[in-house]
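**Q** Input: one structure, supplied below.
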Amino acid sequence: MMARQASHTVVLVLCLSSLAEASWASPIQGLIDNCFACHRHPQQASGLAVIEGRDPQQMSQLLMDYKYGRQAATLMPRLLKALSDSEIQAIALALSQPAQSQ
Ligand code: HEC
């Protein structure tokens, strides 16, 4: 259990540092690139749930539910608390269009 928690912390730190670098060029694309440290693209065999090509309204609702503790989860609420509501909505919209999320 300890090792599992430690590796999650490492992933979070790596994600946050790449987020800081990328966000200067294109804030929303930088944030989206970060998602794929954990989530898989549709063509990939391993990784967490595919988050591209979903309904933007449902995606945005789920992410907001994670952020405000209405949906039980481990990592997503922590990550999303670092983002504004409007950033979350922009991410949900961009991810609904697969061409922009690669
Ligand atoms: C550090 C790893 C990590 C990163 C980075 C990450 N996620 Fe997640 N994501 C998870 C985990 C783990 C879950 C399962 C729910 C939980 O326990 O938090 C999840 C679940 C989800 C789900 C629900 C999937 C489903 O169908 O049940 C969505 C949608 C999602 N993430 C979107 C995103 C978006 C958008 C980003 C980028 C802003 C992102 N995630 C970044 C780890 C991550």
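Ligands are numbered from 1 in the order shown, chains are lettered A, B, ... in the order of the structure tokens, and residues start at 1 in each chain.
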Which neighbours of stretch 84-94 of chain A fall inside 8 Å, counting only C-alpha atoms, when residues of the same chain fewer than 3 positions from it are skipped, and could you give them as a ChimeraX atom specification?
**A** /A:28,31-32,56-57,59-60,63-64,80-81,97-98,100-101
**Q** Compute the set of protein, DNA and RNA residues whose minimum atom distance to ligand 1 is at most 8 Å, using only C-alpha atoms and all ligand atoms, and state it as a VMD selection string.
**A** chain A and resid 8 11 to 12 15 31 to 39 48 to 51 59 62 to 63 66 72 to 77 79 to 80 88 91 to 92 95
**Q** What gap, in Å, lies between atom CA of A:Ala82 and atom CA of A:Ser26?
**A**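 About the pair atom CA of A:Ala82 and atom CA of A:Ser26: they are 16.9 Å apart.
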**Q** In Å, rounded to a single decimal, give me how far atom CA of A:Ser96 is from atom CA of A:Glu52.
**A**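 Separation between atom CA of A:Glu52 and atom CA of A:Ser96: 5.6 Å.
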**Q** Enumerate the residues of stretch 19-96 of chain A with a DSSP assignment of alpha helix (DSSP H), computed from the backbone, and present them as a VMD selection string.
**A** chain A and resid 19 to 22 27 to 35 56 to 67 76 to 80 85 to 95
**Q** Go ahead and write the residues just picked, N, CA and C atoms, as a CSV table (one decimal), in the first residue's frame.
**A**
chain,number,residue,atom,x,y,z
A,19,LEU,N,3.0,19.9,-17.0
A,19,LEU,CA,1.9,20.9,-17.1
A,19,LEU,C,2.4,22.3,-17.1
A,20,ALA,N,3.3,22.6,-16.2
A,20,ALA,CA,3.8,23.9,-16.0
A,20,ALA,C,4.6,24.3,-17.3
A,21,GLU,N,5.4,23.4,-17.8
A,21,GLU,CA,6.2,23.7,-19.0
A,21,GLU,C,5.3,23.9,-20.2
A,22,ALA,N,4.3,23.0,-20.5
A,22,ALA,CA,3.5,23.1,-21.7
A,22,ALA,C,2.6,24.2,-21.7
A,27,PRO,N,-2.3,27.0,-23.5
A,27,PRO,CA,-2.8,26.5,-22.2
A,27,PRO,C,-3.7,25.3,-22.2
A,28,ILE,N,-4.7,25.2,-23.1
A,28,ILE,CA,-5.6,24.1,-23.0
A,28,ILE,C,-4.9,22.8,-23.6
A,29,GLN,N,-4.2,23.0,-24.7
A,29,GLN,CA,-3.5,21.8,-25.3
A,29,GLN,C,-2.4,21.3,-24.3
A,30,GLY,N,-1.8,22.2,-23.6
A,30,GLY,CA,-0.8,21.7,-22.6
A,30,GLY,C,-1.5,20.9,-21.5
A,31,LEU,N,-2.7,21.4,-21.0
A,31,LEU,CA,-3.4,20.6,-20.0
A,31,LEU,C,-3.9,19.3,-20.5
A,32,ILE,N,-4.3,19.2,-21.8
A,32,ILE,CA,-4.8,18.0,-22.4
A,32,ILE,C,-3.6,17.0,-22.6
A,33,ASP,N,-2.5,17.5,-23.0
A,33,ASP,CA,-1.3,16.6,-23.2
A,33,ASP,C,-1.0,15.8,-21.8
A,34,ASN,N,-1.2,16.5,-20.8
A,34,ASN,CA,-1.0,16.0,-19.4
A,34,ASN,C,-1.9,14.8,-19.1
A,35,CYS,N,-3.1,14.8,-19.7
A,35,CYS,CA,-4.1,13.7,-19.4
A,35,CYS,C,-3.5,12.4,-19.9
A,56,PRO,N,-19.3,16.1,-25.1
A,56,PRO,CA,-18.6,17.2,-24.3
A,56,PRO,C,-19.4,17.6,-23.0
A,57,GLN,N,-20.7,17.5,-23.2
A,57,GLN,CA,-21.6,17.9,-22.0
A,57,GLN,C,-21.4,16.9,-20.9
A,58,GLN,N,-21.5,15.6,-21.2
A,58,GLN,CA,-21.4,14.5,-20.2
A,58,GLN,C,-20.0,14.5,-19.6
A,59,MET,N,-19.0,14.7,-20.5
A,59,MET,CA,-17.6,14.8,-20.0
A,59,MET,C,-17.4,15.9,-19.0
A,60,SER,N,-17.9,17.1,-19.4
A,60,SER,CA,-17.7,18.2,-18.5
A,60,SER,C,-18.4,18.0,-17.2
A,61,GLN,N,-19.6,17.4,-17.2
A,61,GLN,CA,-20.4,17.1,-16.0
A,61,GLN,C,-19.6,16.2,-15.1
A,62,LEU,N,-19.1,15.1,-15.7
A,62,LEU,CA,-18.3,14.1,-14.9
A,62,LEU,C,-17.1,14.8,-14.3
A,63,LEU,N,-16.4,15.6,-15.0
A,63,LEU,CA,-15.2,16.2,-14.5
A,63,LEU,C,-15.5,17.2,-13.4
A,64,MET,N,-16.6,17.9,-13.5
A,64,MET,CA,-17.1,18.8,-12.5
A,64,MET,C,-17.5,18.0,-11.2
A,65,ASP,N,-18.1,16.9,-11.4
A,65,ASP,CA,-18.5,16.0,-10.3
A,65,ASP,C,-17.3,15.5,-9.6
A,66,TYR,N,-16.3,15.2,-10.3
A,66,TYR,CA,-15.0,14.8,-9.7
A,66,TYR,C,-14.5,15.9,-8.8
A,67,LYS,N,-14.4,17.1,-9.5
A,67,LYS,CA,-13.8,18.3,-8.8
A,67,LYS,C,-14.5,18.6,-7.5
A,76,MET,N,-8.5,11.8,-9.8
A,76,MET,CA,-9.1,12.9,-10.7
A,76,MET,C,-9.5,14.1,-9.8
A,77,PRO,N,-10.1,13.9,-8.7
A,77,PRO,CA,-10.5,15.1,-7.9
A,77,PRO,C,-9.3,16.0,-7.6
A,78,ARG,N,-8.2,15.4,-7.2
A,78,ARG,CA,-7.0,16.2,-6.9
A,78,ARG,C,-6.5,16.9,-8.1
A,79,LEU,N,-6.4,16.3,-9.2
A,79,LEU,CA,-5.9,16.9,-10.5
A,79,LEU,C,-6.9,18.1,-10.9
A,80,LEU,N,-8.2,17.8,-10.8
A,80,LEU,CA,-9.1,18.8,-11.3
A,80,LEU,C,-9.2,20.0,-10.4
A,85,ASP,N,-13.0,26.1,-13.5
A,85,ASP,CA,-14.2,25.5,-14.1
A,85,ASP,C,-14.2,25.7,-15.6
A,86,SER,N,-13.7,26.9,-16.1
A,86,SER,CA,-13.7,27.2,-17.5
A,86,SER,C,-12.7,26.4,-18.2
A,87,GLU,N,-11.5,26.1,-17.6
A,87,GLU,CA,-10.5,25.3,-18.2
A,87,GLU,C,-11.1,23.9,-18.3
A,88,ILE,N,-11.8,23.4,-17.4
A,88,ILE,CA,-12.3,22.0,-17.4
A,88,ILE,C,-13.3,21.9,-18.6
A,89,GLN,N,-14.2,23.0,-18.8
A,89,GLN,CA,-15.1,22.9,-19.9
A,89,GLN,C,-14.4,23.0,-21.2
A,90,ALA,N,-13.4,23.8,-21.3
A,90,ALA,CA,-12.6,23.8,-22.6
A,90,ALA,C,-11.9,22.5,-22.9
A,91,ILE,N,-11.4,21.8,-21.9
A,91,ILE,CA,-10.8,20.5,-22.0
A,91,ILE,C,-11.8,19.5,-22.5
A,92,ALA,N,-13.0,19.5,-21.9
A,92,ALA,CA,-14.1,18.6,-22.3
A,92,ALA,C,-14.5,18.8,-23.7
A,93,LEU,N,-14.6,20.0,-24.1
A,93,LEU,CA,-14.9,20.4,-25.5
A,93,LEU,C,-13.8,19.9,-26.5
A,94,ALA,N,-12.6,20.2,-26.2
A,94,ALA,CA,-11.5,19.9,-27.1
A,94,ALA,C,-11.3,18.4,-27.2
A,95,LEU,N,-11.5,17.7,-26.1
A,95,LEU,CA,-11.4,16.2,-26.1
A,95,LEU,C,-12.5,15.5,-26.9
